[in-house]
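Source file: my_file.pdb. Holds: PDB, C-alpha atoms.
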```
ATOM      1  CA  MET A 464    -185.587  15.712 109.769  1.00  0.00           C
ATOM      2  CA  GLY A 465    -186.640  16.530 106.238  1.00  0.00           C
ATOM      3  CA  LYS A 466    -188.442  13.997 104.130  1.00  0.00           C
ATOM      4  CA  ARG A 467    -186.414  11.918 101.708  1.00  0.00           C
ATOM      5  CA  ARG A 468    -187.741  11.586  98.199  1.00  0.00           C
ATOM      6  CA  HIS A 469    -186.992   8.479  96.164  1.00  0.00           C
ATOM      7  CA  HIS A 470    -187.514   7.682  92.491  1.00  0.00           C
ATOM      8  CA  ARG A 471    -188.658   4.350  91.161  1.00  0.00           C
ATOM      9  CA  GLY A 472    -188.485   3.626  87.447  1.00  0.00           C
ATOM     10  CA  HIS A 473    -190.520   0.808  85.944  1.00  0.00           C
ATOM     11  CA  VAL A 474    -190.735  -0.242  82.319  1.00  0.00           C
ATOM     12  CA  ILE A 475    -193.513  -1.978  80.410  1.00  0.00           C
ATOM     13  CA  SER A 476    -192.682  -3.206  76.944  1.00  0.00           C
ATOM     14  CA  SER A 477    -194.243  -5.540  74.396  1.00  0.00           C
ATOM     15  CA  VAL A 478    -194.764  -6.273  70.770  1.00  0.00           C
ATOM     16  CA  THR A 479    -197.095  -3.886  68.954  1.00  0.00           C
ATOM     17  CA  ASN A 480    -200.646  -4.042  70.322  1.00  0.00           C
ATOM     18  CA  GLY A 481    -199.502  -6.124  73.275  1.00  0.00           C
ATOM     19  CA  GLY A 482    -201.498  -4.112  75.816  1.00  0.00           C
ATOM     20  CA  LYS A 483    -198.692  -2.056  77.375  1.00  0.00           C
ATOM     21  CA  THR A 484    -200.402   1.343  77.123  1.00  0.00           C
ATOM     22  CA  THR A 485    -203.639   0.106  78.695  1.00  0.00           C
ATOM     23  CA  LEU A 486    -201.712  -1.566  81.498  1.00  0.00           C
ATOM     24  CA  ALA A 487    -199.609   1.544  82.175  1.00  0.00           C
ATOM     25  CA  LYS A 488    -202.674   3.795  82.367  1.00  0.00           C
ATOM     26  CA  ASN A 489    -204.469   1.406  84.707  1.00  0.00           C
ATOM     27  CA  LEU A 490    -201.448   1.353  87.003  1.00  0.00           C
ATOM     28  CA  GLN A 491    -201.214   5.129  86.980  1.00  0.00           C
ATOM     29  CA  LYS A 492    -204.798   5.385  88.234  1.00  0.00           C
ATOM     30  CA  HIS A 493    -203.995   3.273  91.289  1.00  0.00           C
ATOM     31  CA  LEU A 494    -200.417   4.261  92.175  1.00  0.00           C
ATOM     32  CA  PRO A 495    -199.729   7.554  94.002  1.00  0.00           C
ATOM     33  CA  ASN A 496    -197.193   9.987  92.558  1.00  0.00           C
ATOM     34  CA  CYS A 497    -197.131   8.035  89.279  1.00  0.00           C
ATOM     35  CA  SER A 498    -196.216   9.446  85.862  1.00  0.00           C
ATOM     36  CA  ILE A 499    -195.987   7.827  82.430  1.00  0.00           C
ATOM     37  CA  ILE A 500    -193.582   8.475  79.574  1.00  0.00           C
ATOM     38  CA  CYS A 501    -194.673   6.836  76.314  1.00  0.00           C
ATOM     39  CA  GLN A 502    -192.047   5.918  73.744  1.00  0.00           C
ATOM     40  CA  ASP A 503    -194.547   6.366  70.904  1.00  0.00           C
ATOM     41  CA  ASP A 504    -194.524  10.127  71.599  1.00  0.00           C
ATOM     42  CA  PHE A 505    -190.950  10.293  70.333  1.00  0.00           C
ATOM     43  CA  PHE A 506    -191.315   9.017  66.772  1.00  0.00           C
ATOM     44  CA  LYS A 507    -189.560  11.131  64.184  1.00  0.00           C
ATOM     45  CA  PRO A 508    -191.694  12.668  61.394  1.00  0.00           C
ATOM     46  CA  GLU A 509    -192.455  10.428  58.415  1.00  0.00           C
ATOM     47  CA  SER A 510    -190.079  12.430  56.231  1.00  0.00           C
ATOM     48  CA  GLU A 511    -187.174  11.194  58.372  1.00  0.00           C
ATOM     49  CA  ILE A 512    -188.172   7.506  58.369  1.00  0.00           C
ATOM     50  CA  GLU A 513    -186.135   5.273  56.077  1.00  0.00           C
ATOM     51  CA  THR A 514    -187.633   2.661  53.762  1.00  0.00           C
ATOM     52  CA  ASP A 515    -186.258  -0.792  53.002  1.00  0.00           C
ATOM     53  CA  LYS A 516    -185.828  -2.449  49.616  1.00  0.00           C
ATOM     54  CA  ASN A 517    -189.500  -3.485  49.644  1.00  0.00           C
ATOM     55  CA  GLY A 518    -190.679   0.060  50.247  1.00  0.00           C
ATOM     56  CA  PHE A 519    -191.694  -0.566  53.875  1.00  0.00           C
ATOM     57  CA  LEU A 520    -191.262   2.383  56.218  1.00  0.00           C
ATOM     58  CA  GLN A 521    -188.845   1.368  58.978  1.00  0.00           C
ATOM     59  CA  TYR A 522    -190.806   2.463  62.041  1.00  0.00           C
ATOM     60  CA  ASP A 523    -189.983  -0.513  64.279  1.00  0.00           C
ATOM     61  CA  VAL A 524    -186.314   0.371  64.760  1.00  0.00           C
ATOM     62  CA  LEU A 525    -184.530   2.678  67.201  1.00  0.00           C
ATOM     63  CA  GLU A 526    -183.485   4.986  64.366  1.00  0.00           C
ATOM     64  CA  ALA A 527    -187.155   5.928  63.882  1.00  0.00           C
ATOM     65  CA  LEU A 528    -187.282   7.367  67.396  1.00  0.00           C
ATOM     66  CA  ASN A 529    -185.779  10.481  68.930  1.00  0.00           C
ATOM     67  CA  MET A 530    -184.389   8.640  71.936  1.00  0.00           C
ATOM     68  CA  GLU A 531    -182.229  11.582  73.030  1.00  0.00           C
ATOM     69  CA  LYS A 532    -185.402  13.642  73.428  1.00  0.00           C
ATOM     70  CA  MET A 533    -186.983  10.822  75.417  1.00  0.00           C
ATOM     71  CA  MET A 534    -183.946  10.677  77.721  1.00  0.00           C
ATOM     72  CA  SER A 535    -184.292  14.423  78.262  1.00  0.00           C
ATOM     73  CA  ALA A 536    -187.930  13.914  79.246  1.00  0.00           C
ATOM     74  CA  ILE A 537    -186.874  11.274  81.785  1.00  0.00           C
ATOM     75  CA  SER A 538    -184.231  13.614  83.216  1.00  0.00           C
ATOM     76  CA  SER A 539    -186.789  16.426  83.475  1.00  0.00           C
ATOM     77  CA  TRP A 540    -189.189  14.112  85.306  1.00  0.00           C
ATOM     78  CA  LYS A 541    -186.470  13.235  87.819  1.00  0.00           C
ATOM     79  CA  GLU A 542    -185.741  16.884  88.487  1.00  0.00           C
ATOM     80  CA  ASN A 543    -189.409  17.824  88.849  1.00  0.00           C
ATOM     81  CA  ALA A 544    -190.184  14.804  91.018  1.00  0.00           C
ATOM     82  CA  ARG A 545    -187.694  15.992  93.617  1.00  0.00           C
ATOM     83  CA  CYS A 546    -189.808  19.026  94.422  1.00  0.00           C
ATOM     84  CA  SER A 547    -193.346  18.128  93.324  1.00  0.00           C
ATOM     85  CA  VAL A 548    -194.046  14.669  94.737  1.00  0.00           C
ATOM     86  CA  VAL A 549    -197.100  14.572  97.004  1.00  0.00           C
ATOM     87  CA  SER A 550    -196.996  12.245 100.004  1.00  0.00           C
ATOM     88  CA  THR A 551    -200.060  10.121 100.733  1.00  0.00           C
ATOM     89  CA  ASP A 552    -198.790   9.314 104.228  1.00  0.00           C
ATOM     90  CA  TRP A 553    -197.961  12.341 106.337  1.00  0.00           C
ATOM     91  CA  GLU A 554    -196.456  10.113 109.039  1.00  0.00           C
ATOM     92  CA  SER A 555    -193.948   8.606 106.637  1.00  0.00           C
ATOM     93  CA  ALA A 556    -190.370   9.751 106.254  1.00  0.00           C
ATOM     94  CA  GLU A 557    -190.435   8.409 102.727  1.00  0.00           C
ATOM     95  CA  GLU A 558    -191.929   9.807  99.571  1.00  0.00           C
ATOM     96  CA  ILE A 559    -191.625   7.722  96.410  1.00  0.00           C
ATOM     97  CA  ALA A 560    -192.221   9.133  92.945  1.00  0.00           C
ATOM     98  CA  ILE A 561    -192.992   6.453  90.367  1.00  0.00           C
ATOM     99  CA  LEU A 562    -192.245   6.661  86.669  1.00  0.00           C
ATOM    100  CA  ILE A 563    -193.604   4.113  84.215  1.00  0.00           C
ATOM    101  CA  ILE A 564    -191.925   4.106  80.814  1.00  0.00           C
ATOM    102  CA  GLU A 565    -193.894   2.184  78.239  1.00  0.00           C
ATOM    103  CA  GLY A 566    -192.889   1.339  74.705  1.00  0.00           C
ATOM    104  CA  PHE A 567    -192.216  -1.367  72.159  1.00  0.00           C
ATOM    105  CA  LEU A 568    -188.438  -0.909  71.966  1.00  0.00           C
ATOM    106  CA  LEU A 569    -186.969  -0.095  75.375  1.00  0.00           C
ATOM    107  CA  PHE A 570    -184.703  -2.974  76.337  1.00  0.00           C
ATOM    108  CA  ASN A 571    -182.602  -2.481  73.204  1.00  0.00           C
ATOM    109  CA  TYR A 572    -181.432   1.047  74.056  1.00  0.00           C
ATOM    110  CA  LYS A 573    -178.288   0.838  76.189  1.00  0.00           C
ATOM    111  CA  PRO A 574    -178.518   4.233  77.976  1.00  0.00           C
ATOM    112  CA  LEU A 575    -181.710   2.990  79.645  1.00  0.00           C
ATOM    113  CA  ASP A 576    -180.091  -0.154  81.060  1.00  0.00           C
ATOM    114  CA  THR A 577    -179.464   1.213  84.547  1.00  0.00           C
ATOM    115  CA  MET A 578    -182.802   2.984  85.017  1.00  0.00           C
ATOM    116  CA  TRP A 579    -185.166   0.117  85.708  1.00  0.00           C
ATOM    117  CA  ASN A 580    -186.285  -0.986  89.151  1.00  0.00           C
ATOM    118  CA  ARG A 581    -188.757  -3.455  87.634  1.00  0.00           C
ATOM    119  CA  SER A 582    -189.185  -4.580  84.034  1.00  0.00           C
ATOM    120  CA  TYR A 583    -192.218  -6.185  82.405  1.00  0.00           C
ATOM    121  CA  PHE A 584    -192.660  -7.565  78.914  1.00  0.00           C
ATOM    122  CA  LEU A 585    -196.049  -8.525  77.479  1.00  0.00           C
ATOM    123  CA  THR A 586    -195.963 -11.409  75.017  1.00  0.00           C
ATOM    124  CA  VAL A 587    -198.659 -12.027  72.390  1.00  0.00           C
ATOM    125  CA  PRO A 588    -198.609 -14.837  69.801  1.00  0.00           C
ATOM    126  CA  TYR A 589    -198.333 -14.029  66.103  1.00  0.00           C
ATOM    127  CA  GLU A 590    -201.968 -14.596  65.092  1.00  0.00           C
ATOM    128  CA  GLU A 591    -203.404 -12.551  67.980  1.00  0.00           C
ATOM    129  CA  CYS A 592    -200.917  -9.770  67.441  1.00  0.00           C
ATOM    130  CA  LYS A 593    -201.734  -9.597  63.741  1.00  0.00           C
ATOM    131  CA  ARG A 594    -205.471  -9.583  64.492  1.00  0.00           C
ATOM    132  CA  ARG A 595    -205.126  -6.717  66.960  1.00  0.00           C
ATOM    133  CA  ARG A 596    -202.915  -4.763  64.588  1.00  0.00           C
ATOM    134  CA  SER A 597    -205.569  -5.034  61.861  1.00  0.00           C
ATOM    135  CA  THR A 598    -208.133  -3.314  64.106  1.00  0.00           C
ATOM    136  CA  ARG A 599    -205.978  -0.220  64.658  1.00  0.00           C
ATOM    137  CA  VAL A 600    -205.727   2.862  62.474  1.00  0.00           C
ATOM    138  CA  TYR A 601    -202.203   4.224  61.981  1.00  0.00           C
ATOM    139  CA  GLU A 602    -200.882   7.387  60.374  1.00  0.00           C
ATOM    140  CA  PRO A 603    -199.443   6.631  57.920  1.00  0.00           C
ATOM    141  CA  PRO A 604    -201.624   3.532  57.470  1.00  0.00           C
ATOM    142  CA  ASP A 605    -200.039   0.086  57.242  1.00  0.00           C
ATOM    143  CA  SER A 606    -199.325  -0.861  53.655  1.00  0.00           C
ATOM    144  CA  PRO A 607    -200.276  -4.365  52.424  1.00  0.00           C
ATOM    145  CA  GLY A 608    -197.875  -6.930  53.848  1.00  0.00           C
ATOM    146  CA  TYR A 609    -196.376  -4.452  56.333  1.00  0.00           C
ATOM    147  CA  PHE A 610    -196.985  -6.594  59.417  1.00  0.00           C
ATOM    148  CA  ASP A 611    -195.328  -9.700  57.961  1.00  0.00           C
ATOM    149  CA  GLY A 612    -192.694  -7.770  56.019  1.00  0.00           C
ATOM    150  CA  HIS A 613    -191.516  -5.405  58.764  1.00  0.00           C
ATOM    151  CA  VAL A 614    -193.369  -5.348  62.105  1.00  0.00           C
ATOM    152  CA  TRP A 615    -193.159  -9.026  63.076  1.00  0.00           C
ATOM    153  CA  PRO A 616    -189.594  -9.634  61.777  1.00  0.00           C
ATOM    154  CA  MET A 617    -188.375  -6.604  63.773  1.00  0.00           C
ATOM    155  CA  TYR A 618    -190.147  -7.872  66.875  1.00  0.00           C
ATOM    156  CA  LEU A 619    -188.425 -11.262  66.535  1.00  0.00           C
ATOM    157  CA  LYS A 620    -185.081  -9.517  66.065  1.00  0.00           C
ATOM    158  CA  HIS A 621    -185.570  -7.422  69.187  1.00  0.00           C
ATOM    159  CA  ARG A 622    -186.673 -10.450  71.223  1.00  0.00           C
ATOM    160  CA  GLN A 623    -183.485 -12.220  70.168  1.00  0.00           C
ATOM    161  CA  GLU A 624    -181.437  -9.232  71.345  1.00  0.00           C
ATOM    162  CA  MET A 625    -183.221  -9.349  74.703  1.00  0.00           C
ATOM    163  CA  GLN A 626    -181.494 -12.631  75.467  1.00  0.00           C
ATOM    164  CA  ASP A 627    -178.403 -10.601  76.335  1.00  0.00           C
ATOM    165  CA  ILE A 628    -180.203  -8.630  79.061  1.00  0.00           C
ATOM    166  CA  THR A 629    -178.519  -9.078  82.428  1.00  0.00           C
ATOM    167  CA  TRP A 630    -181.367  -7.906  84.688  1.00  0.00           C
ATOM    168  CA  GLU A 631    -184.631  -9.656  85.489  1.00  0.00           C
ATOM    169  CA  VAL A 632    -187.569  -9.207  83.135  1.00  0.00           C
ATOM    170  CA  VAL A 633    -191.030 -10.355  84.210  1.00  0.00           C
ATOM    171  CA  TYR A 634    -192.774 -11.868  81.191  1.00  0.00           C
ATOM    172  CA  LEU A 635    -196.546 -11.452  81.071  1.00  0.00           C
ATOM    173  CA  ASP A 636    -199.177 -13.253  79.002  1.00  0.00           C
ATOM    174  CA  GLY A 637    -200.659 -10.467  76.891  1.00  0.00           C
ATOM    175  CA  THR A 638    -203.694 -12.584  75.999  1.00  0.00           C
ATOM    176  CA  LYS A 639    -204.968 -12.366  79.591  1.00  0.00           C
ATOM    177  CA  SER A 640    -207.707  -9.860  80.395  1.00  0.00           C
ATOM    178  CA  LYS A 641    -206.620  -6.315  81.172  1.00  0.00           C
ATOM    179  CA  GLU A 642    -208.014  -6.774  84.688  1.00  0.00           C
ATOM    180  CA  ASP A 643    -205.885  -9.870  85.333  1.00  0.00           C
ATOM    181  CA  LEU A 644    -202.762  -8.198  83.958  1.00  0.00           C
ATOM    182  CA  PHE A 645    -203.339  -5.117  86.058  1.00  0.00           C
ATOM    183  CA  LEU A 646    -203.765  -7.119  89.260  1.00  0.00           C
ATOM    184  CA  GLN A 647    -200.662  -9.215  88.567  1.00  0.00           C
ATOM    185  CA  VAL A 648    -198.425  -6.205  87.972  1.00  0.00           C
ATOM    186  CA  TYR A 649    -199.993  -3.989  90.640  1.00  0.00           C
ATOM    187  CA  GLU A 650    -199.521  -6.607  93.346  1.00  0.00           C
ATOM    188  CA  ASP A 651    -195.955  -7.219  92.214  1.00  0.00           C
ATOM    189  CA  LEU A 652    -195.137  -3.505  92.284  1.00  0.00           C
ATOM    190  CA  ILE A 653    -196.648  -3.038  95.735  1.00  0.00           C
ATOM    191  CA  GLN A 654    -194.484  -5.879  97.032  1.00  0.00           C
ATOM    192  CA  GLN A 655    -191.388  -4.383  95.400  1.00  0.00           C
ATOM    193  CA  LEU A 656    -192.124  -0.925  96.825  1.00  0.00           C
ATOM    194  CA  ALA A 657    -192.685  -2.369 100.300  1.00  0.00           C
ATOM    195  CA  LYS A 658    -189.344  -4.167 100.168  1.00  0.00           C
ATOM    196  CA  GLN A 659    -187.607  -1.017  99.011  1.00  0.00           C
ATOM    197  CA  LYS A 660    -189.189   1.053 101.766  1.00  0.00           C
ATOM    198  CA  CYS A 661    -188.039  -1.430 104.411  1.00  0.00           C
ATOM    199  CA  LEU A 662    -184.520  -1.276 103.018  1.00  0.00           C
ATOM    200  CA  GLN A 663    -184.548   2.502 103.044  1.00  0.00           C
ATOM    201  CA  LEU A 664    -185.906   2.749 106.577  1.00  0.00           C
ATOM    202  CA  THR A 665    -183.350   0.339 107.999  1.00  0.00           C
ATOM    203  CA  ALA A 666    -180.348   1.519 106.033  1.00  0.00           C
TER     204      ALA A 666
END
```
Once more with this new file: its structure as structure tokens, please.
Amino acid sequence: MGKRRHHRGHVISSVTNGGKTTLAKNLQKHLPNCSIICQDDFFKPESEIETDKNGFLQYDVLEALNMEKMMSAISSWKENARCSVVSTDWESAEEIAILIIEGFLLFNYKPLDTMWNRSYFLTVPYEECKRRRSTRVYEPPDSPGYFDGHVWPMYLKHRQEMQDITWEVVYLDGTKSKEDLFLQVYEDLIQQLAKQKCLQLTA
């Protein structure tokens, strides 16, 4: 009997500077057959970003992202995973390819609704988020008042929209150490994968 290949899609989202990228990369190091797609790689060029009445560039909205291109990348990963996944257990009839999608604005894009096997959202309080944001260098750089005038209000808006989500989201404390966050999510994913494998083997 040929080996069956299965795809598992997991999402990690958070407010800006919530720790999602670090967490995703740490997971990738420890999970076999794991790939990452980063939403930040799909920003449109600055010339296509709208500005509001205060002159703030509207980067923290879906319209600033080429989500169709991101969906194409996800589809390409699925196709490639069918023929390129490497098994770490030659005795197993199962091979599971894992995709982690990380980004700040994932739960608000309807075409992605049915893709998640597990969803995580890192929360960070206002003051800590603003402090972390101030230590980062962006291109274009944040203008004075940008965090309070655009970034944080958009985050609150998106969090409000998340109340309509019908699937389970695991909320994580983004102020914890990166080691603690990694262990929490890694152990949870291993449990979820084990359950899925049992279901597949007995189906």
inquiry  = the PyMOL selection byres ((chain A and resi 597) around 12) - which residues does that actually catch in the file I just gave you? List them as a PyMOL selection string.
reply    = chain A and resi 479-480+590-596+598-601+604-611
query = Which of these residues is nearest to Leu569 of chain A, using all atoms listed in the file: A:Cys497, A:Met534, A:Ala657, A:Val587?
reply =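 Using all atoms listed in the file, Leu569 of chain A sits closest to A:Met534.
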query = So what does the PyMOL selection byres ((chain A and resi 563) around 9) actually pick up in this one, as a list in words?
reply = Arg471, Gly472, His473, Val474, Ile475, Ala487, Leu490, Gln491, Cys497, Ser498, Ile499, Ile500, Cys501, Ile561, Leu562, Ile564 and Glu565 of chain A
ask   = Selected by the PyMOL selection byres ((chain A and resi 504) around 10) in the shown coordinates: which residues, as a list in words?
value = Ile500, Cys501, Gln502, Asp503, Phe505, Phe506, Lys507, Leu528, Asn529, Lys532, Met533 and Gly566 of chain A
ask   = When you draw a straight line from atom CA of Asn496 of chain A to atom CA of Ala560 of chain A, how long is it in Å?
value =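 One can read the atom CA of Asn496 of chain A to atom CA of Ala560 of chain A distance as 5.1 Å.
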message = Report, in Å with one decimal, the straight-line distance from atom CA of Ser538 of chain A to atom CA of Thr586 of chain A.
response =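 Rounded to one decimal, the two atoms are 28.8 Å apart.
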request  = For each of A:Pro574, A:Leu635, A:Gly612, A:Asp643, take the minimum atom-to-atom distance to Glu531 of chain A, counting all atoms listed in the file, then give the residue where this is smallest.
outcome  =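 Of the candidates, the smallest distance to Glu531 of chain A is held by A:Pro574.
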ask   = To one decimal place, how far is atom CA of Pro495 of chain A from atom CA of Lys641 of chain A in Å?
value =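 Separating atom CA of Pro495 of chain A from atom CA of Lys641 of chain A is a distance of 20.1 Å.
Those DNA, RNA and protein residues that approach the point (-191.8, -11.8, 85.8) to within 10 Å, considering only C-alpha atoms, are Arg581, Ser582, Tyr583, Phe584, Leu585, Glu631, Val632, Val633, Tyr634, Leu635, Gln647, Val648 and Asp651 of chain A.
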task = Identify which of the residues A:Phe567, A:Leu575, A:Glu509, A:Asn489 lies closest to Gln521 of chain A, counting all atoms listed in the file when measuring atom-to-atom distances.
result = A:Glu509
Which centre and which edge lengths, in Å to one decimal, describe the axis-aligned box that holds all listed atoms of segment 484-487 of chain A after 6 Å is added on each side, as lines of an AutoDock Vina configuration file?
```
center_x = -201.6
center_y = 0.0
center_z = 79.6
size_x = 16.0
size_y = 15.1
size_z = 17.1
```
ask   = With only C-alpha atoms as the basis for distance, which of A:Gln654, A:Leu644, A:His613, A:His621 is at the shortest distance from Asn517 of chain A?
value = A:His613
query = So, counting all atoms listed in the file, which residue among A:Asp576, A:Gly481, A:Val524, A:Ala544 is closest to Pro616 of chain A?
reply = A:Val524
task = Point out the residue among A:Leu646, A:Leu568, A:Met625, A:Met617 with the least atom-to-atom distance to Ser476 of chain A, counting all atoms listed in the file.
result =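 Residue with the minimum atom-to-atom distance to Ser476 of chain A: A:Leu568.
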